[in-house]
Amino acid sequence: MRGFARISAAVPRCVVADVHANREHHLGLWREAHAQGAAVVVFPELGLCGYSVRDLLLDGHLRGQMHKSVAWLAEQGRDLAPLALVGLPLAVGPGLYNCAVALQGGRVLGVVPKAYLPTYREFEEARWFRPGAEVPAGSTCTVAGQAAPFGTDLLFEAGDGLTVGVEICEDYWVQVPPSALQVGAGATVVCNLSASNFTVGKAELRRLLAQAASDRGKCAYVYVAAGPGESSTDLAFDADAFICENGAVLVESERFARRDQLIAVDVDLERLSRERLSTGSFGDCARANPKAFRRVPFAGRAAPAPLRREVSAHPFLPSDPATLAT
């Protein structure tokens with residue numbers, strides 16, 4: 001349907017360090033997203049190898065399997081319509097980066113590294129990775145034999161109001177997240193590939209951050225965390241995924257489920273455009289905080305009928321009974 005794009009978040013079962021098993025789960029969910037009419041499908045951070053693989057990230061054989069699996073996924077998904085954002089480690093020059101790789105039409109369209117690395121409490125990502133924030137604008141890399149743009153200066157653009165920005169886990173916990181600049185440059189859908197371990201109350205905080213980001217940015221925010229099989233160390237993971245639009249959570253996964261999951265919703269791109277035009281301060285802020293982005297084209301698709309989102313019979317009243325009572 002015109003003005004809407006169906007956006008999906010996929011939570012695959014993970015087998016830590018078993019790249020072949022993980023890529024099969026990714027492909028199955030990518031095919032499901034295609035069958036459901038999605039334009040974009042987002043997978044978890046480091047989903048091809050597992051976030052808790054730890055020092056195996058430095059193993060040359062595992063990294064070689066990453067390249068082979070990207071090539072395999074690109075070929076197997078050649079005829080699948082959704083833009084797929086897949087998480088994996090990637091060595092570029094002398095550094096190793098925690099990356100999101102964009103795949104469509106048998107090609108690697110671009111690679112976005114994680115801008116900021118957590119090195120506090122249970123996190124020690126600087127032990128393995130370099131921060132993507134240090135990658136010079138205009139950089140390129142080679143993945144599975146294909147040259148691709150590489151950096152935090154990428155937006156993926158399909159036209160008809162669908163422009164996709166990417167950040168990875170910690171990026172949205174910092175005080176100036178990459179998405180703040182992406183939306184100012186035109187991103188209408190921001191995708192966060194995350195692992196994000198479970199702690200009490202963290203799911204609510206994730207939603208608070210994403211709802212605030214989608215409200216301030218007049219955008220959709222897609223969040224997907226690591227799923228079943230990832231908890232191989234002292235951390236636990238809860239298969240949390242959700243999609244927000246303009247301050248509201250539209251759809252969410254079943255947390256702690258032990259199976260592959262795919263959630264999807266039709267994002268109202270026309271509404272987001274109207275919100276940006278009518279909120280003059282949005283444009284003022286974008287002009288005051290400019291960043292140059294490379295725009296990578298991809299093939300979009302309109303959301304098929306029937307519409308996959310709840311339409312309130314009373315759109316100007318709060319849906320929560322407690323809020324309505326006040």
# chains A, B, ... in the order shown; residues from 1 in each chain; ligands from 1
>>> closest_atom_pairs(of="stretch 41-107 of chain A", to="stretch 149-172 of chain A", cutoff="10 Å", atoms="only C-alpha atoms", output="JSON lines")
{"residue": "A:Val42", "atom": "CA", "partner": "A:Val166", "partner_atom": "CA", "distance": 9.8}
{"residue": "A:Pro44", "atom": "CA", "partner": "A:Ile168", "partner_atom": "CA", "distance": 9.0}
{"residue": "A:Glu45", "atom": "CA", "partner": "A:Ile168", "partner_atom": "CA", "distance": 6.8}
{"residue": "A:Leu46", "atom": "CA", "partner": "A:Ile168", "partner_atom": "CA", "distance": 9.8}
{"residue": "A:Leu83", "atom": "CA", "partner": "A:Phe156", "partner_atom": "CA", "distance": 9.2}
{"residue": "A:Leu85", "atom": "CA", "partner": "A:Val166", "partner_atom": "CA", "distance": 8.7}
{"residue": "A:Gly87", "atom": "CA", "partner": "A:Ile168", "partner_atom": "CA", "distance": 8.9}
{"residue": "A:Val92", "atom": "CA", "partner": "A:Phe150", "partner_atom": "CA", "distance": 9.3}
{"residue": "A:Asn98", "atom": "CA", "partner": "A:Ile168", "partner_atom": "CA", "distance": 8.3}
{"residue": "A:Cys99", "atom": "CA", "partner": "A:Ile168", "partner_atom": "CA", "distance": 7.8}
{"residue": "A:Ala100", "atom": "CA", "partner": "A:Ile168", "partner_atom": "CA", "distance": 7.6}
{"residue": "A:Val101", "atom": "CA", "partner": "A:Phe150", "partner_atom": "CA", "distance": 9.3}
{"residue": "A:Ala102", "atom": "CA", "partner": "A:Phe156", "partner_atom": "CA", "distance": 8.7}
>>> write_last_selection(atoms="C-alpha atoms", output="PDB file, in the first residue's frame")
ATOM      1  CA  VAL A  42      17.035  -6.708  10.681  1.00  0.00           C
ATOM      2  CA  PRO A  44      20.976  -9.300  15.816  1.00  0.00           C
ATOM      3  CA  GLU A  45      24.478  -7.988  16.473  1.00  0.00           C
ATOM      4  CA  LEU A  46      27.186 -10.548  15.591  1.00  0.00           C
ATOM      5  CA  LEU A  83      17.157  -5.472   2.412  1.00  0.00           C
ATOM      6  CA  LEU A  85      21.010  -6.244   7.769  1.00  0.00           C
ATOM      7  CA  GLY A  87      25.683  -8.754  12.091  1.00  0.00           C
ATOM      8  CA  VAL A  92      39.461  -4.073   7.787  1.00  0.00           C
ATOM      9  CA  ASN A  98      31.680  -5.143  14.871  1.00  0.00           C
ATOM     10  CA  CYS A  99      29.598  -4.625  11.731  1.00  0.00           C
ATOM     11  CA  ALA A 100      26.202  -4.643  10.094  1.00  0.00           C
ATOM     12  CA  VAL A 101      26.338  -5.816   6.481  1.00  0.00           C
ATOM     13  CA  ALA A 102      23.532  -4.799   4.114  1.00  0.00           C
TER      14      ALA A 102
END
>>> select_by_dssp(residues="stretch 172-266 of chain A", states="strand (DSSP E)", output="VMD selection string")
chain A and resid 189 to 193 220 to 224 241 to 245 248 to 252 261 to 266
>>> residues_around(residues="A:Arg63", least_positions_apart="6", cutoff="8 Å", atoms="only C-alpha atoms", output="VMD selection string")
chain A and resid 57 89 to 91
>>> write_last_selection(atoms="N, CA and C atoms", output="JSON list (two decimals), in the first residue's frame")
[["chain", "number", "residue", "atom", "x", "y", "z"],
["A", 57, "LEU", "N", 36.69, -14.50, 18.26],
["A", 57, "LEU", "CA", 36.64, -13.43, 17.29],
["A", 57, "LEU", "C", 38.00, -13.18, 16.64],
["A", 89, "PRO", "N", 31.59, -9.96, 12.67],
["A", 89, "PRO", "CA", 32.87, -9.27, 12.82],
["A", 89, "PRO", "C", 33.57, -9.19, 11.47],
["A", 90, "LEU", "N", 34.27, -8.09, 11.24],
["A", 90, "LEU", "CA", 34.93, -7.91, 9.95],
["A", 90, "LEU", "C", 36.28, -7.23, 10.16],
["A", 91, "ALA", "N", 37.35, -7.86, 9.65],
["A", 91, "ALA", "CA", 38.68, -7.26, 9.71],
["A", 91, "ALA", "C", 38.86, -6.32, 8.52]]
>>> select_by_dssp(residues="stretch 170-240 of chain A", states="alpha helix (DSSP H)", output="list of chain:residue names")
A:Pro178, A:Ser179, A:Ala180, A:Leu181, A:Gln182, A:Val183, A:Gly184, A:Lys202, A:Ala203, A:Glu204, A:Leu205, A:Arg206, A:Arg207, A:Leu208, A:Leu209, A:Ala210, A:Gln211, A:Ala212, A:Ala213, A:Ser214, A:Asp215, A:Arg216
>>> write_last_selection(atoms="N, CA and C atoms", output="compact mmCIF listing (two decimals), in the first residue's frame")
# COMPACT_ATOMS: atom_id res chain seq x y z
N PRO A 178 24.36 7.89 16.87
CA PRO A 178 24.43 8.11 15.42
C PRO A 178 23.07 8.40 14.79
N SER A 179 22.02 7.79 15.33
CA SER A 179 20.68 7.98 14.75
C SER A 179 20.23 9.44 14.82
N ALA A 180 20.72 10.20 15.80
CA ALA A 180 20.34 11.61 15.91
C ALA A 180 20.76 12.39 14.68
N LEU A 181 21.90 12.04 14.10
CA LEU A 181 22.37 12.68 12.88
C LEU A 181 21.76 12.04 11.64
N GLN A 182 21.48 10.74 11.71
CA GLN A 182 20.89 10.04 10.57
C GLN A 182 19.50 10.59 10.25
N VAL A 183 18.68 10.79 11.28
CA VAL A 183 17.32 11.28 11.01
C VAL A 183 17.35 12.70 10.47
N GLY A 184 18.30 13.50 10.95
CA GLY A 184 18.42 14.86 10.44
C GLY A 184 18.80 14.89 8.97
N LYS A 202 15.76 -4.02 32.27
CA LYS A 202 16.43 -3.51 31.08
C LYS A 202 15.50 -3.44 29.87
N ALA A 203 14.56 -4.38 29.76
CA ALA A 203 13.64 -4.36 28.63
C ALA A 203 12.82 -3.07 28.61
N GLU A 204 12.39 -2.63 29.77
CA GLU A 204 11.62 -1.39 29.84
C GLU A 204 12.49 -0.19 29.45
N LEU A 205 13.75 -0.21 29.87
CA LEU A 205 14.65 0.89 29.52
C LEU A 205 14.94 0.93 28.02
N ARG A 206 15.11 -0.25 27.41
CA ARG A 206 15.30 -0.29 25.95
C ARG A 206 14.13 0.39 25.24
N ARG A 207 12.93 0.06 25.67
CA ARG A 207 11.75 0.64 25.02
C ARG A 207 11.66 2.15 25.26
N LEU A 208 12.03 2.56 26.45
CA LEU A 208 12.02 3.99 26.75
C LEU A 208 12.96 4.74 25.82
N LEU A 209 14.16 4.22 25.62
CA LEU A 209 15.13 4.87 24.74
C LEU A 209 14.65 4.88 23.30
N ALA A 210 14.13 3.75 22.83
CA ALA A 210 13.69 3.67 21.43
C ALA A 210 12.45 4.52 21.18
N GLN A 211 11.53 4.54 22.14
CA GLN A 211 10.35 5.39 21.99
C GLN A 211 10.75 6.86 21.93
N ALA A 212 11.69 7.25 22.81
CA ALA A 212 12.15 8.64 22.80
C ALA A 212 12.85 8.97 21.49
N ALA A 213 13.70 8.05 21.00
CA ALA A 213 14.42 8.29 19.74
C ALA A 213 13.46 8.41 18.57
N SER A 214 12.43 7.56 18.55
CA SER A 214 11.48 7.60 17.44
C SER A 214 10.58 8.83 17.51
N ASP A 215 10.32 9.31 18.73
CA ASP A 215 9.51 10.52 18.87
C ASP A 215 10.31 11.76 18.48
N ARG A 216 11.52 11.89 19.02
CA ARG A 216 12.35 13.05 18.68
C ARG A 216 12.72 13.05 17.19
>>> atom_distance(atom1="atom CA of A:Gly283", atom2="atom CA of A:Ala185")
9.8 Å
>>> residues_around(residues="A:Val53", least_positions_apart="4", cutoff="8 Å", atoms="only C-alpha atoms", output="PyMOL selection string")
chain A and resi 16-17+49+57
>>> write_last_selection(atoms="N, CA, C and O atoms", output="short mmCIF file (atom, residue, chain, number, x, y, z; two decimals), in the first residue's frame")
data_model
loop_
_atom_site.label_atom_id
_atom_site.label_comp_id
_atom_site.auth_asym_id
_atom_site.auth_seq_id
_atom_site.Cartn_x
_atom_site.Cartn_y
_atom_site.Cartn_z
N VAL A 16 26.52 -20.81 19.13
CA VAL A 16 27.73 -20.01 19.26
C VAL A 16 28.89 -20.65 18.49
O VAL A 16 29.20 -21.83 18.67
N ALA A 17 29.48 -19.86 17.58
CA ALA A 17 30.63 -20.24 16.75
C ALA A 17 30.29 -21.21 15.63
O ALA A 17 31.18 -21.59 14.87
N CYS A 49 27.96 -15.33 14.13
CA CYS A 49 28.89 -16.14 14.93
C CYS A 49 28.45 -16.27 16.38
O CYS A 49 28.82 -17.22 17.07
N LEU A 57 36.69 -14.50 18.26
CA LEU A 57 36.64 -13.43 17.29
C LEU A 57 38.00 -13.18 16.64
O LEU A 57 38.08 -12.68 15.52
#
>>> residues_around(residues="A:Val265", least_positions_apart="6", cutoff="7 Å", atoms="only C-alpha atoms", output="MDAnalysis selection string")
chainID A and resid 6:8 251 308:309
>>> write_last_selection(atoms="C-alpha atoms", output="short mmCIF file (atom, residue, chain, number, x, y, z; two decimals), in the first residue's frame")
data_model
loop_
_atom_site.label_atom_id
_atom_site.label_comp_id
_atom_site.auth_asym_id
_atom_site.auth_seq_id
_atom_site.Cartn_x
_atom_site.Cartn_y
_atom_site.Cartn_z
CA ARG A 6 6.65 -3.34 5.97
CA ILE A 7 9.63 -3.58 8.31
CA SER A 8 10.73 -6.81 10.02
CA VAL A 251 4.95 -4.68 17.74
CA ARG A 308 -0.34 -4.86 9.20
CA ARG A 309 -0.75 -2.41 12.06
#
>>> closest_residue(among="A:Glu122, A:Asp266, A:Pro306, A:His20", to="A:Thr199", atoms="only C-alpha atoms")
A:Glu122
>>> residues_around(residues="A:Ala195", least_positions_apart="3", cutoff="10 Å", atoms="only C-alpha atoms", output="ChimeraX atom specification")
/A:43-47,50-52,87,168-170,192,198,223-227,230,237-240
>>> write_last_selection(atoms="N, CA and C atoms", output="mmCIF file, in the first residue's frame")
data_model
loop_
_atom_site.group_PDB
_atom_site.id
_atom_site.type_symbol
_atom_site.label_atom_id
_atom_site.label_comp_id
_atom_site.auth_asym_id
_atom_site.auth_seq_id
_atom_site.Cartn_x
_atom_site.Cartn_y
_atom_site.Cartn_z
ATOM 1 N N PHE A 43 18.628 -8.287 11.658
ATOM 2 C CA PHE A 43 19.080 -9.407 12.479
ATOM 3 C C PHE A 43 19.924 -8.898 13.653
ATOM 4 N N PRO A 44 20.234 -9.761 14.636
ATOM 5 C CA PRO A 44 20.976 -9.300 15.816
ATOM 6 C C PRO A 44 22.455 -9.014 15.538
ATOM 7 N N GLU A 45 23.052 -8.289 16.454
ATOM 8 C CA GLU A 45 24.478 -7.988 16.473
ATOM 9 C C GLU A 45 25.299 -9.279 16.534
ATOM 10 N N LEU A 46 26.298 -9.384 15.652
ATOM 11 C CA LEU A 46 27.186 -10.548 15.591
ATOM 12 C C LEU A 46 26.407 -11.856 15.479
ATOM 13 N N GLY A 47 25.254 -11.781 14.842
ATOM 14 C CA GLY A 47 24.371 -12.944 14.788
ATOM 15 C C GLY A 47 24.943 -14.128 14.029
ATOM 16 N N GLY A 50 27.655 -15.316 16.858
ATOM 17 C CA GLY A 50 27.267 -15.280 18.261
ATOM 18 C C GLY A 50 28.032 -14.205 19.002
ATOM 19 N N TYR A 51 27.329 -13.402 19.783
ATOM 20 C CA TYR A 51 27.966 -12.314 20.524
ATOM 21 C C TYR A 51 28.921 -12.857 21.580
ATOM 22 N N SER A 52 28.579 -13.981 22.204
ATOM 23 C CA SER A 52 29.372 -14.505 23.311
ATOM 24 C C SER A 52 30.501 -15.422 22.853
ATOM 25 N N GLY A 87 24.591 -9.117 11.203
ATOM 26 C CA GLY A 87 25.683 -8.754 12.091
ATOM 27 C C GLY A 87 26.820 -9.752 12.075
ATOM 28 N N ILE A 168 24.431 0.148 16.049
ATOM 29 C CA ILE A 168 24.634 -1.166 16.653
ATOM 30 C C ILE A 168 24.717 -1.026 18.162
ATOM 31 N N CYS A 169 23.779 -1.628 18.843
ATOM 32 C CA CYS A 169 23.712 -1.773 20.301
ATOM 33 C C CYS A 169 24.140 -0.523 21.061
ATOM 34 N N GLU A 170 25.375 -0.472 21.553
ATOM 35 C CA GLU A 170 25.842 0.626 22.407
ATOM 36 C C GLU A 170 25.632 1.993 21.790
ATOM 37 N N ASN A 192 18.568 -1.018 14.728
ATOM 38 C CA ASN A 192 19.589 -1.284 15.734
ATOM 39 C C ASN A 192 19.800 -2.786 15.865
ATOM 40 N N PHE A 198 20.302 -9.623 29.183
ATOM 41 C CA PHE A 198 19.149 -9.380 30.051
ATOM 42 C C PHE A 198 19.594 -9.047 31.472
ATOM 43 N N TYR A 223 14.495 -2.429 16.829
ATOM 44 C CA TYR A 223 15.485 -2.941 17.768
ATOM 45 C C TYR A 223 15.385 -4.462 17.800
ATOM 46 N N VAL A 224 16.535 -5.141 17.687
ATOM 47 C CA VAL A 224 16.529 -6.600 17.783
ATOM 48 C C VAL A 224 17.750 -7.059 18.564
ATOM 49 N N ALA A 225 17.514 -7.822 19.629
ATOM 50 C CA ALA A 225 18.589 -8.320 20.494
ATOM 51 C C ALA A 225 18.807 -9.809 20.259
ATOM 52 N N ALA A 226 19.875 -10.329 20.859
ATOM 53 C CA ALA A 226 20.245 -11.730 20.676
ATOM 54 C C ALA A 226 19.177 -12.657 21.241
ATOM 55 N N GLY A 227 19.077 -13.808 20.622
ATOM 56 C CA GLY A 227 18.026 -14.740 20.982
ATOM 57 C C GLY A 227 18.509 -16.011 21.646
ATOM 58 N N GLU A 230 22.309 -17.998 22.750
ATOM 59 C CA GLU A 230 23.418 -17.068 22.927
ATOM 60 C C GLU A 230 24.010 -17.112 24.329
ATOM 61 N N PHE A 237 20.407 -13.767 27.762
ATOM 62 C CA PHE A 237 19.855 -12.992 26.653
ATOM 63 C C PHE A 237 18.388 -13.357 26.484
ATOM 64 N N ASP A 238 17.576 -12.370 26.106
ATOM 65 C CA ASP A 238 16.125 -12.569 26.212
ATOM 66 C C ASP A 238 15.333 -12.491 24.915
ATOM 67 N N ALA A 239 15.995 -12.530 23.756
ATOM 68 C CA ALA A 239 15.281 -12.565 22.465
ATOM 69 C C ALA A 239 14.321 -11.386 22.313
ATOM 70 N N ASP A 240 14.758 -10.220 22.759
ATOM 71 C CA ASP A 240 13.887 -9.047 22.761
ATOM 72 C C ASP A 240 13.984 -8.313 21.423
#
>>> closest_residue(among="A:Pro113, A:Ala257, A:Ala303, A:Glu245", to="A:Ala133", atoms="only C-alpha atoms")
A:Pro113
>>> closest_residue(among="A:Ala147, A:Ala187, A:Ala9, A:Val41", to="A:Leu262", atoms="only C-alpha atoms")
A:Ala9
>>> closest_residue(among="A:Val176, A:Leu27, A:Ala84, A:Ala241", to="A:Ala115", atoms="only C-alpha atoms")
A:Val176
>>> closest_residue(among="A:Arg271, A:His67, A:Arg54, A:Arg301", to="A:Ala39", atoms="only C-alpha atoms")
A:Arg301
